[in-house]
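*Asks:* This is input-v4.pdb (PDB, C-alpha atoms).
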ATOM      1  CA  MET V 613     -10.114 -15.533 -34.919  1.00  0.00           C
ATOM      2  CA  GLN V 614      -8.115 -13.587 -37.513  1.00  0.00           C
ATOM      3  CA  PHE V 615      -4.741 -15.024 -38.601  1.00  0.00           C
ATOM      4  CA  MET V 616      -3.773 -12.782 -41.488  1.00  0.00           C
ATOM      5  CA  ASP V 617      -5.116 -10.006 -43.693  1.00  0.00           C
ATOM      6  CA  GLY V 618      -2.810  -8.238 -46.113  1.00  0.00           C
ATOM      7  CA  ARG V 619      -0.937  -8.143 -49.401  1.00  0.00           C
ATOM      8  CA  THR V 620       1.822 -10.458 -50.638  1.00  0.00           C
ATOM      9  CA  SER V 621       4.173 -10.402 -53.594  1.00  0.00           C
ATOM     10  CA  VAL V 622       1.579 -12.036 -55.875  1.00  0.00           C
ATOM     11  CA  LEU V 623      -1.720 -11.477 -54.037  1.00  0.00           C
ATOM     12  CA  ALA V 624      -3.618  -8.208 -53.853  1.00  0.00           C
ATOM     13  CA  ASN V 625      -5.024  -9.474 -50.539  1.00  0.00           C
ATOM     14  CA  ILE V 626      -5.154 -12.672 -48.509  1.00  0.00           C
ATOM     15  CA  GLU V 627      -7.268 -13.205 -45.410  1.00  0.00           C
ATOM     16  CA  ALA V 628      -7.264 -16.256 -43.129  1.00  0.00           C
ATOM     17  CA  HIS V 629      -9.403 -16.796 -40.053  1.00  0.00           C
ATOM     18  CA  LEU V 630     -11.080 -19.470 -37.923  1.00  0.00           C
ATOM     19  CA  THR V 631     -14.882 -19.407 -37.704  1.00  0.00           C
ATOM     20  CA  THR V 632     -16.871 -21.223 -34.992  1.00  0.00           C
ATOM     21  CA  LEU V 633     -20.603 -21.820 -35.474  1.00  0.00           C
ATOM     22  CA  GLU V 634     -23.364 -22.827 -33.097  1.00  0.00           C
ATOM     23  CA  PRO V 635     -25.601 -25.737 -34.254  1.00  0.00           C
ATOM     24  CA  GLY V 636     -27.781 -24.775 -37.204  1.00  0.00           C
ATOM     25  CA  LYS V 637     -26.030 -21.447 -37.702  1.00  0.00           C
ATOM     26  CA  ALA V 638     -24.149 -19.912 -40.632  1.00  0.00           C
ATOM     27  CA  ALA V 639     -21.604 -17.100 -40.620  1.00  0.00           C
ATOM     28  CA  HIS V 640     -23.550 -15.326 -43.385  1.00  0.00           C
ATOM     29  CA  PRO V 641     -26.127 -16.096 -46.119  1.00  0.00           C
ATOM     30  CA  PRO V 642     -25.000 -17.816 -49.349  1.00  0.00           C
ATOM     31  CA  HIS V 643     -23.085 -15.360 -51.526  1.00  0.00           C
ATOM     32  CA  THR V 644     -20.735 -15.033 -54.485  1.00  0.00           C
ATOM     33  CA  HIS V 645     -17.439 -13.269 -55.218  1.00  0.00           C
ATOM     34  CA  THR V 646     -16.582 -11.772 -58.594  1.00  0.00           C
ATOM     35  CA  ASN V 647     -12.791 -11.758 -58.236  1.00  0.00           C
ATOM     36  CA  GLN V 648     -12.036 -13.843 -55.152  1.00  0.00           C
ATOM     37  CA  GLU V 649     -11.473 -17.542 -54.479  1.00  0.00           C
ATOM     38  CA  GLU V 650     -12.302 -19.056 -51.101  1.00  0.00           C
ATOM     39  CA  LEU V 651     -10.998 -22.149 -49.302  1.00  0.00           C
ATOM     40  CA  ILE V 652     -12.625 -23.842 -46.286  1.00  0.00           C
ATOM     41  CA  ILE V 653     -10.931 -26.552 -44.198  1.00  0.00           C
ATOM     42  CA  VAL V 654     -13.095 -28.088 -41.474  1.00  0.00           C
ATOM     43  CA  LYS V 655     -11.359 -28.163 -38.085  1.00  0.00           C
ATOM     44  CA  GLU V 656     -14.049 -29.945 -36.070  1.00  0.00           C
ATOM     45  CA  GLY V 657     -17.727 -30.790 -36.212  1.00  0.00           C
ATOM     46  CA  LEU V 658     -20.018 -31.242 -39.225  1.00  0.00           C
ATOM     47  CA  ILE V 659     -20.439 -28.527 -41.830  1.00  0.00           C
ATOM     48  CA  ASN V 660     -22.910 -28.592 -44.729  1.00  0.00           C
ATOM     49  CA  VAL V 661     -21.197 -26.672 -47.528  1.00  0.00           C
ATOM     50  CA  THR V 662     -23.136 -25.722 -50.648  1.00  0.00           C
ATOM     51  CA  ILE V 663     -21.394 -24.535 -53.809  1.00  0.00           C
ATOM     52  CA  LYS V 664     -23.297 -23.785 -57.025  1.00  0.00           C
ATOM     53  CA  GLY V 665     -26.331 -25.752 -55.819  1.00  0.00           C
ATOM     54  CA  LYS V 666     -24.373 -28.853 -54.726  1.00  0.00           C
ATOM     55  CA  THR V 667     -24.349 -29.635 -50.986  1.00  0.00           C
ATOM     56  CA  LYS V 668     -21.957 -31.951 -49.178  1.00  0.00           C
ATOM     57  CA  LEU V 669     -21.551 -32.796 -45.493  1.00  0.00           C
ATOM     58  CA  LEU V 670     -17.920 -32.214 -44.539  1.00  0.00           C
ATOM     59  CA  SER V 671     -16.315 -33.483 -41.331  1.00  0.00           C
ATOM     60  CA  ALA V 672     -12.896 -32.715 -39.808  1.00  0.00           C
ATOM     61  CA  GLY V 673     -10.286 -32.429 -42.555  1.00  0.00           C
ATOM     62  CA  GLY V 674     -12.875 -31.846 -45.267  1.00  0.00           C
ATOM     63  CA  VAL V 675     -12.125 -29.216 -47.905  1.00  0.00           C
ATOM     64  CA  ALA V 676     -14.347 -26.853 -49.913  1.00  0.00           C
ATOM     65  CA  TYR V 677     -12.920 -24.624 -52.643  1.00  0.00           C
ATOM     66  CA  SER V 678     -15.094 -22.103 -54.497  1.00  0.00           C
ATOM     67  CA  ILE V 679     -14.074 -20.179 -57.595  1.00  0.00           C
ATOM     68  CA  PRO V 680     -15.372 -16.689 -58.506  1.00  0.00           C
ATOM     69  CA  GLY V 681     -19.004 -16.597 -59.583  1.00  0.00           C
ATOM     70  CA  ASP V 682     -20.087 -19.769 -57.743  1.00  0.00           C
ATOM     71  CA  GLU V 683     -22.591 -19.088 -54.959  1.00  0.00           C
ATOM     72  CA  HIS V 684     -21.472 -20.755 -51.721  1.00  0.00           C
ATOM     73  CA  GLY V 685     -22.428 -21.040 -48.080  1.00  0.00           C
ATOM     74  CA  ALA V 686     -21.700 -23.116 -44.963  1.00  0.00           C
ATOM     75  CA  VAL V 687     -24.001 -24.219 -42.116  1.00  0.00           C
ATOM     76  CA  ASN V 688     -23.250 -26.148 -38.927  1.00  0.00           C
ATOM     77  CA  ALA V 689     -25.112 -29.423 -39.519  1.00  0.00           C
ATOM     78  CA  GLY V 690     -24.226 -31.041 -36.180  1.00  0.00           C
ATOM     79  CA  LYS V 691     -25.588 -30.903 -32.635  1.00  0.00           C
ATOM     80  CA  SER V 692     -22.520 -29.216 -31.156  1.00  0.00           C
ATOM     81  CA  LYS V 693     -20.222 -26.358 -32.128  1.00  0.00           C
ATOM     82  CA  ALA V 694     -18.323 -26.674 -35.399  1.00  0.00           C
ATOM     83  CA  SER V 695     -15.355 -24.691 -36.671  1.00  0.00           C
ATOM     84  CA  TYR V 696     -13.517 -24.223 -39.927  1.00  0.00           C
ATOM     85  CA  TYR V 697     -10.529 -22.357 -41.296  1.00  0.00           C
ATOM     86  CA  LEU V 698     -11.289 -19.939 -44.135  1.00  0.00           C
ATOM     87  CA  VAL V 699      -8.702 -18.566 -46.552  1.00  0.00           C
ATOM     88  CA  LYS V 700      -9.791 -16.110 -49.251  1.00  0.00           C
ATOM     89  CA  TYR V 701      -7.723 -14.040 -51.614  1.00  0.00           C
ATOM     90  CA  THR V 702      -7.573 -11.869 -54.714  1.00  0.00           C
ATOM     91  CA  THR V 703      -4.684 -11.712 -57.178  1.00  0.00           C
ATOM     92  CA  LEU V 704      -2.869  -8.913 -58.953  1.00  0.00           C
ATOM     93  CA  THR V 705      -3.762 -10.586 -62.280  1.00  0.00           C
ATOM     94  CA  PRO V 706      -7.264 -10.716 -63.850  1.00  0.00           C
ATOM     95  CA  VAL V 707      -9.771 -13.512 -63.225  1.00  0.00           C
ATOM     96  CA  ASP V 708      -9.851 -16.209 -65.925  1.00  0.00           C
ATOM     97  CA  ALA V 709     -13.257 -17.810 -65.310  1.00  0.00           C
ATOM     98  CA  GLN V 710     -13.005 -20.067 -68.366  1.00  0.00           C
ATOM     99  CA  ARG V 711      -9.694 -21.498 -67.156  1.00  0.00           C
ATOM    100  CA  GLY V 712     -11.184 -22.250 -63.749  1.00  0.00           C
ATOM    101  CA  GLU V 713     -14.233 -24.011 -65.146  1.00  0.00           C
ATOM    102  CA  LYS V 714     -12.187 -25.962 -67.692  1.00  0.00           C
ATOM    103  CA  ALA V 715      -9.852 -27.203 -64.947  1.00  0.00           C
ATOM    104  CA  GLY V 716     -12.733 -28.615 -62.902  1.00  0.00           C
ATOM    105  CA  GLY V 717     -14.386 -25.690 -61.122  1.00  0.00           C
ATOM    106  CA  SER V 718     -15.157 -25.657 -57.403  1.00  0.00           C
ATOM    107  CA  ILE V 719     -14.423 -28.590 -55.074  1.00  0.00           C
ATOM    108  CA  LEU V 720     -16.126 -30.386 -52.164  1.00  0.00           C
ATOM    109  CA  MET V 721     -14.015 -33.200 -50.718  1.00  0.00           C
ATOM    110  CA  ASN V 722     -13.860 -35.061 -47.412  1.00  0.00           C
ATOM    111  CA  TRP V 723     -10.636 -36.134 -45.697  1.00  0.00           C
ATOM    112  CA  ASN V 724     -11.004 -39.789 -46.685  1.00  0.00           C
ATOM    113  CA  GLU V 725     -11.637 -39.152 -50.399  1.00  0.00           C
ATOM    114  CA  PRO V 726      -8.139 -38.450 -51.794  1.00  0.00           C
ATOM    115  CA  THR V 727      -5.927 -41.443 -52.506  1.00  0.00           C
ATOM    116  CA  VAL V 728      -3.508 -42.132 -49.631  1.00  0.00           C
ATOM    117  CA  GLU V 729       0.034 -42.435 -50.965  1.00  0.00           C
ATOM    118  CA  LYS V 730       2.551 -44.177 -48.709  1.00  0.00           C
ATOM    119  CA  THR V 731       5.958 -42.478 -48.486  1.00  0.00           C
ATOM    120  CA  ASP V 732       9.223 -43.299 -46.735  1.00  0.00           C
ATOM    121  CA  ARG V 733       8.330 -40.626 -44.162  1.00  0.00           C
ATOM    122  CA  GLY V 734       4.595 -41.277 -43.700  1.00  0.00           C
ATOM    123  CA  GLN V 735       1.650 -40.555 -46.007  1.00  0.00           C
ATOM    124  CA  ARG V 736       0.404 -37.981 -48.494  1.00  0.00           C
ATOM    125  CA  ARG V 737      -3.115 -37.037 -49.654  1.00  0.00           C
ATOM    126  CA  GLN V 738      -3.338 -34.924 -52.825  1.00  0.00           C
ATOM    127  CA  PHE V 739      -6.548 -32.880 -52.723  1.00  0.00           C
ATOM    128  CA  TYR V 740      -5.887 -31.093 -56.003  1.00  0.00           C
ATOM    129  CA  ASN V 741      -3.085 -29.809 -58.213  1.00  0.00           C
ATOM    130  CA  ARG V 742      -4.433 -27.849 -61.139  1.00  0.00           C
ATOM    131  CA  ALA V 743      -5.322 -24.474 -62.582  1.00  0.00           C
ATOM    132  CA  THR V 744      -8.022 -22.226 -61.086  1.00  0.00           C
ATOM    133  CA  SER V 745      -9.665 -18.976 -62.119  1.00  0.00           C
ATOM    134  CA  LEU V 746      -6.904 -16.995 -60.398  1.00  0.00           C
ATOM    135  CA  PHE V 747      -3.830 -19.243 -60.691  1.00  0.00           C
ATOM    136  CA  GLU V 748      -2.016 -21.160 -63.383  1.00  0.00           C
ATOM    137  CA  LYS V 749      -1.597 -23.871 -60.746  1.00  0.00           C
ATOM    138  CA  PHE V 750      -2.858 -24.354 -57.197  1.00  0.00           C
ATOM    139  CA  ASP V 751      -1.402 -27.327 -55.318  1.00  0.00           C
ATOM    140  CA  MET V 752      -2.993 -28.540 -52.090  1.00  0.00           C
ATOM    141  CA  HIS V 753      -2.049 -31.719 -50.254  1.00  0.00           C
ATOM    142  CA  ALA V 754      -1.975 -33.110 -46.714  1.00  0.00           C
ATOM    143  CA  THR V 755       1.132 -34.807 -45.341  1.00  0.00           C
ATOM    144  CA  THR V 756       1.373 -37.233 -42.432  1.00  0.00           C
ATOM    145  CA  LEU V 757       4.942 -37.176 -41.143  1.00  0.00           C
ATOM    146  CA  ASN V 758       6.206 -39.937 -38.856  1.00  0.00           C
ATOM    147  CA  LYS V 759       7.882 -39.201 -35.529  1.00  0.00           C
ATOM    148  CA  GLY V 760      11.323 -37.615 -35.894  1.00  0.00           C
ATOM    149  CA  MET V 761      11.014 -37.195 -39.664  1.00  0.00           C
ATOM    150  CA  VAL V 762      11.872 -34.101 -41.719  1.00  0.00           C
ATOM    151  CA  SER V 763       9.611 -33.319 -44.671  1.00  0.00           C
ATOM    152  CA  HIS V 764      12.539 -32.381 -46.920  1.00  0.00           C
ATOM    153  CA  LEU V 765      15.889 -30.653 -46.809  1.00  0.00           C
ATOM    154  CA  PRO V 766      15.807 -26.854 -46.434  1.00  0.00           C
ATOM    155  CA  HIS V 767      14.884 -25.430 -49.816  1.00  0.00           C
ATOM    156  CA  THR V 768      13.336 -22.461 -51.606  1.00  0.00           C
ATOM    157  CA  HIS V 769      10.795 -22.046 -54.396  1.00  0.00           C
ATOM    158  CA  LYS V 770       9.121 -19.218 -56.258  1.00  0.00           C
ATOM    159  CA  GLN V 771       5.618 -20.132 -55.078  1.00  0.00           C
ATOM    160  CA  GLU V 772       4.191 -18.676 -51.886  1.00  0.00           C
ATOM    161  CA  GLU V 773       2.947 -21.350 -49.490  1.00  0.00           C
ATOM    162  CA  ILE V 774       0.759 -21.854 -46.426  1.00  0.00           C
ATOM    163  CA  ILE V 775       1.214 -24.652 -43.881  1.00  0.00           C
ATOM    164  CA  LEU V 776      -1.747 -25.481 -41.624  1.00  0.00           C
ATOM    165  CA  VAL V 777      -0.900 -27.901 -38.807  1.00  0.00           C
ATOM    166  CA  ARG V 778      -3.765 -30.361 -38.261  1.00  0.00           C
ATOM    167  CA  THR V 779      -2.283 -32.669 -35.593  1.00  0.00           C
ATOM    168  CA  GLY V 780       0.973 -32.998 -33.661  1.00  0.00           C
ATOM    169  CA  LYS V 781       3.943 -30.728 -33.038  1.00  0.00           C
ATOM    170  CA  ILE V 782       6.472 -29.414 -35.535  1.00  0.00           C
ATOM    171  CA  SER V 783       9.494 -27.179 -35.857  1.00  0.00           C
ATOM    172  CA  MET V 784       9.389 -24.900 -38.880  1.00  0.00           C
ATOM    173  CA  GLN V 785      12.628 -23.493 -40.226  1.00  0.00           C
ATOM    174  CA  ILE V 786      12.133 -20.112 -41.935  1.00  0.00           C
ATOM    175  CA  ALA V 787      15.397 -18.583 -43.188  1.00  0.00           C
ATOM    176  CA  ASP V 788      17.866 -18.925 -40.273  1.00  0.00           C
ATOM    177  CA  LYS V 789      15.244 -19.229 -37.504  1.00  0.00           C
ATOM    178  CA  HIS V 790      13.195 -22.153 -36.150  1.00  0.00           C
ATOM    179  CA  TYR V 791       9.631 -21.801 -34.862  1.00  0.00           C
ATOM    180  CA  ALA V 792       7.643 -24.296 -32.775  1.00  0.00           C
ATOM    181  CA  ALA V 793       4.095 -24.911 -33.996  1.00  0.00           C
ATOM    182  CA  THR V 794       1.252 -27.206 -32.993  1.00  0.00           C
ATOM    183  CA  ALA V 795      -2.261 -28.210 -34.106  1.00  0.00           C
ATOM    184  CA  GLY V 796      -4.228 -25.196 -35.347  1.00  0.00           C
ATOM    185  CA  ASP V 797      -1.220 -23.024 -36.188  1.00  0.00           C
ATOM    186  CA  ILE V 798      -0.860 -21.422 -39.633  1.00  0.00           C
ATOM    187  CA  ILE V 799       2.483 -20.591 -41.259  1.00  0.00           C
ATOM    188  CA  PHE V 800       2.891 -18.330 -44.298  1.00  0.00           C
ATOM    189  CA  LEU V 801       6.030 -18.752 -46.433  1.00  0.00           C
ATOM    190  CA  SER V 802       6.866 -15.943 -48.842  1.00  0.00           C
ATOM    191  CA  THR V 803       8.469 -16.497 -52.215  1.00  0.00           C
ATOM    192  CA  GLY V 804      12.149 -17.497 -52.187  1.00  0.00           C
ATOM    193  CA  VAL V 805      12.435 -18.011 -48.405  1.00  0.00           C
ATOM    194  CA  LEU V 806      14.472 -20.987 -47.173  1.00  0.00           C
ATOM    195  CA  HIS V 807      12.279 -23.410 -45.222  1.00  0.00           C
ATOM    196  CA  ALA V 808      11.926 -26.956 -43.868  1.00  0.00           C
ATOM    197  CA  LEU V 809       9.571 -28.780 -41.498  1.00  0.00           C
ATOM    198  CA  GLU V 810      10.400 -31.354 -38.809  1.00  0.00           C
ATOM    199  CA  ASN V 811       8.081 -33.485 -36.660  1.00  0.00           C
ATOM    200  CA  THR V 812       9.140 -32.822 -33.063  1.00  0.00           C
ATOM    201  CA  GLY V 813       6.250 -34.611 -31.310  1.00  0.00           C
ATOM    202  CA  ASN V 814       5.968 -38.110 -29.846  1.00  0.00           C
ATOM    203  CA  ASP V 815       3.575 -39.268 -32.590  1.00  0.00           C
ATOM    204  CA  ALA V 816       2.943 -38.662 -36.268  1.00  0.00           C
ATOM    205  CA  CYS V 817       1.943 -35.128 -37.234  1.00  0.00           C
ATOM    206  CA  THR V 818      -0.376 -34.066 -40.038  1.00  0.00           C
ATOM    207  CA  TYR V 819      -0.453 -30.773 -41.922  1.00  0.00           C
ATOM    208  CA  PHE V 820      -2.010 -29.208 -44.993  1.00  0.00           C
ATOM    209  CA  ALA V 821       0.308 -27.486 -47.464  1.00  0.00           C
ATOM    210  CA  PHE V 822      -0.926 -25.326 -50.314  1.00  0.00           C
ATOM    211  CA  GLN V 823       0.994 -23.173 -52.770  1.00  0.00           C
ATOM    212  CA  TRP V 824       0.123 -21.175 -55.860  1.00  0.00           C
ATOM    213  CA  GLN V 825       1.599 -19.698 -58.985  1.00  0.00           C
TER     214      GLN V 825
END
Here is a file; write its structure as structure tokens.
*Replies:*
Amino acid sequence: MQFMDGRTSVLANIEAHLTTLEPGKAAHPPHTHTNQEELIIVKEGLINVTIKGKTKLLSAGGVAYSIPGDEHGAVNAGKSKASYYLVKYTTLTPVDAQRGEKAGGSILMNWNEPTVEKTDRGQRRQFYNRATSLFEKFDMHATTLNKGMVSHLPHTHKQEEIILVRTGKISMQIADKHYAATAGDIIFLSTGVLHALENTGNDACTYFAFQWQ
């Protein structure tokens, strides 16, 4: 299921889609990209993800991030269907492989691995916030927002951002409009646009947020 495929103000191309695999199957053989980074977020099921020879079993909420030059692949390791979101992109600026490796390289991380930080609105899990081969900084975290809470006041920033709703229902303000969204929805926020997020469900909601510069 294709969500987006196009150019932005800082990306030469960004593609996002949802892939569903039968047990034991892969979308394609292991492969590498020379100028593209790729992000996987597991929606449901069990996925064995291998990056640069390291394999990890990821369950719902698990994250895999591969930098250019690292061979990677994903296989359904469970006995039922599994699905994952995939976001891949290229930038208008050259690849800096040394910067990416120096910052820590590719990532394999399950939902329960990041430290859970309690907030006055819920919880926050920081998956990473550092440089990559394509960005000076890539920030990815997951927020759990309690019922009736607003993530922050309407604001703008230079960085482009993607919101991926994992659980619950939200209202997303973009400029002067409000959009209802629920689990599985993806929201793209362009640079400088006014935005804010509110939990409109009867329980806590959870969403991934990632932005780059």
*Asks:* Could you tell me how far atom CA of Leu698 of chain V sits from atom CA of Glu725 of chain V, in Å to one decimal place?
*Replies:*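 Result for atom CA of Glu725 of chain V versus atom CA of Leu698 of chain V: 20.2 Å, one decimal.
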*Asks:* List every protein, DNA or RNA residue that has at least one atom no more than 10 Å from (9.5, -20.7, -58.4) in the file's coordinates, counting only C-alpha atoms, and write the result as a ChimeraX atom specification.
*Replies:* /V:768-772,803-804,824-825
*Asks:* Which residues, named as in the file, does the PyMOL selection byres ((chain V and resi 722) around 10) pick out? Answer as a list in words.
*Replies:*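 Given this file, the PyMOL selection byres ((chain V and resi 722) around 10) evaluates to Ile653, Val654, Lys668, Leu669, Leu670, Ser671, Ala672, Gly673, Gly674, Val675, Ala676, Leu720, Met721, Trp723, Asn724, Glu725, Pro726 and Phe739 of chain V.
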*Asks:* Please, what distance in Å, to one decimal, runs between atom CA of Ser718 of chain V and atom CA of Thr744 of chain V?
*Replies:*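 Between these atoms lies a distance of 8.7 Å.
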*Asks:* For this structure, which residues satisfy the selection - the PyMOL selection byres ((chain V and resi 807-816) around 12) - when it is evaluated on the file as given? I want them as a CSV table (one decimal) with C-alpha atoms, in the coordinates of the input.
*Replies:*
chain,number,residue,atom,x,y,z
V,733,ARG,CA,8.3,-40.6,-44.2
V,734,GLY,CA,4.6,-41.3,-43.7
V,735,GLN,CA,1.6,-40.6,-46.0
V,755,THR,CA,1.1,-34.8,-45.3
V,756,THR,CA,1.4,-37.2,-42.4
V,757,LEU,CA,4.9,-37.2,-41.1
V,758,ASN,CA,6.2,-39.9,-38.9
V,759,LYS,CA,7.9,-39.2,-35.5
V,760,GLY,CA,11.3,-37.6,-35.9
V,761,MET,CA,11.0,-37.2,-39.7
V,762,VAL,CA,11.9,-34.1,-41.7
V,763,SER,CA,9.6,-33.3,-44.7
V,764,HIS,CA,12.5,-32.4,-46.9
V,765,LEU,CA,15.9,-30.7,-46.8
V,766,PRO,CA,15.8,-26.9,-46.4
V,767,HIS,CA,14.9,-25.4,-49.8
V,768,THR,CA,13.3,-22.5,-51.6
V,769,HIS,CA,10.8,-22.0,-54.4
V,772,GLU,CA,4.2,-18.7,-51.9
V,773,GLU,CA,2.9,-21.4,-49.5
V,774,ILE,CA,0.8,-21.9,-46.4
V,775,ILE,CA,1.2,-24.7,-43.9
V,776,LEU,CA,-1.7,-25.5,-41.6
V,777,VAL,CA,-0.9,-27.9,-38.8
V,778,ARG,CA,-3.8,-30.4,-38.3
V,779,THR,CA,-2.3,-32.7,-35.6
V,780,GLY,CA,1.0,-33.0,-33.7
V,781,LYS,CA,3.9,-30.7,-33.0
V,782,ILE,CA,6.5,-29.4,-35.5
V,783,SER,CA,9.5,-27.2,-35.9
V,784,MET,CA,9.4,-24.9,-38.9
V,785,GLN,CA,12.6,-23.5,-40.2
V,786,ILE,CA,12.1,-20.1,-41.9
V,787,ALA,CA,15.4,-18.6,-43.2
V,788,ASP,CA,17.9,-18.9,-40.3
V,789,LYS,CA,15.2,-19.2,-37.5
V,790,HIS,CA,13.2,-22.2,-36.2
V,791,TYR,CA,9.6,-21.8,-34.9
V,792,ALA,CA,7.6,-24.3,-32.8
V,793,ALA,CA,4.1,-24.9,-34.0
V,794,THR,CA,1.3,-27.2,-33.0
V,795,ALA,CA,-2.3,-28.2,-34.1
V,799,ILE,CA,2.5,-20.6,-41.3
V,800,PHE,CA,2.9,-18.3,-44.3
V,801,LEU,CA,6.0,-18.8,-46.4
V,802,SER,CA,6.9,-15.9,-48.8
V,803,THR,CA,8.5,-16.5,-52.2
V,804,GLY,CA,12.1,-17.5,-52.2
V,805,VAL,CA,12.4,-18.0,-48.4
V,806,LEU,CA,14.5,-21.0,-47.2
V,817,CYS,CA,1.9,-35.1,-37.2
V,818,THR,CA,-0.4,-34.1,-40.0
V,819,TYR,CA,-0.5,-30.8,-41.9
V,821,ALA,CA,0.3,-27.5,-47.5
*Asks:* Just need the box for segment 716-729 of chain V, edges along x, y and z, holding every atom the file lists for it with 3 Å tacked onto each side, so centre and edge lengths in Å to one decimal, as AutoDock Vina command-line options.
*Replies:*
--center_x -8.0 --center_y -34.0 --center_z -54.3 --size_x 22.2 --size_y 22.8 --size_z 23.2
*Asks:* Here is a test: counting all atoms listed in the file, which residue of V:Gly636, V:Pro680, V:Gly685, V:Gly665 is nearest to Ile652 of chain V?
*Replies:*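 Checking each candidate against Ile652 of chain V, we get V:Gly685 as the closest.
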*Asks:* Using the chain letters and numbers from the file, give me the residues hit by the PyMOL selection byres ((chain V and resi 618) around 12), as a JSON list (two decimals) with C-alpha atoms, in the frame of the given file.
*Replies:*
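Output (result_9.json):
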[["chain", "number", "residue", "atom", "x", "y", "z"],
["V", 614, "GLN", "CA", -8.12, -13.59, -37.51],
["V", 615, "PHE", "CA", -4.74, -15.02, -38.60],
["V", 616, "MET", "CA", -3.77, -12.78, -41.49],
["V", 617, "ASP", "CA", -5.12, -10.01, -43.69],
["V", 619, "ARG", "CA", -0.94, -8.14, -49.40],
["V", 620, "THR", "CA", 1.82, -10.46, -50.64],
["V", 621, "SER", "CA", 4.17, -10.40, -53.59],
["V", 622, "VAL", "CA", 1.58, -12.04, -55.88],
["V", 623, "LEU", "CA", -1.72, -11.48, -54.04],
["V", 624, "ALA", "CA", -3.62, -8.21, -53.85],
["V", 625, "ASN", "CA", -5.02, -9.47, -50.54],
["V", 626, "ILE", "CA", -5.15, -12.67, -48.51],
["V", 627, "GLU", "CA", -7.27, -13.20, -45.41],
["V", 628, "ALA", "CA", -7.26, -16.26, -43.13],
["V", 699, "VAL", "CA", -8.70, -18.57, -46.55],
["V", 700, "LYS", "CA", -9.79, -16.11, -49.25],
["V", 701, "TYR", "CA", -7.72, -14.04, -51.61],
["V", 702, "THR", "CA", -7.57, -11.87, -54.71],
["V", 703, "THR", "CA", -4.68, -11.71, -57.18],
["V", 800, "PHE", "CA", 2.89, -18.33, -44.30]]
*Asks:* Tell me which of V:Ile719, V:Ala638, V:Leu630, V:Val707 sits closest to Lys666 of chain V, counting all atoms listed in the file.
*Replies:*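 Comparing V:Ile719, V:Ala638, V:Leu630, V:Val707 against Lys666 of chain V, the winner is V:Ile719.
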*Asks:* Rounded to one decimal in Å, what is the spacing between atom CA of Thr705 of chain V and atom CA of Phe747 of chain V?
*Replies:*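 Calculated distance between atom CA of Thr705 of chain V and atom CA of Phe747 of chain V is 8.8 Å.
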*Asks:* So which one's closest to Asp751 of chain V, V:Asn647, V:Asn660, V:Gln738, V:Gln710? Using only C-alpha atoms, please.
*Replies:*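 Closest to Asp751 of chain V of all the choices is V:Gln738.
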*Asks:* From the options V:Val728, V:Leu658, V:Leu651, V:Ala639, which residue's atoms come nearest to Ala754 of chain V, counting all atoms listed in the file?
*Replies:*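 Comparing V:Val728, V:Leu658, V:Leu651, V:Ala639 against Ala754 of chain V, the winner is V:Val728.
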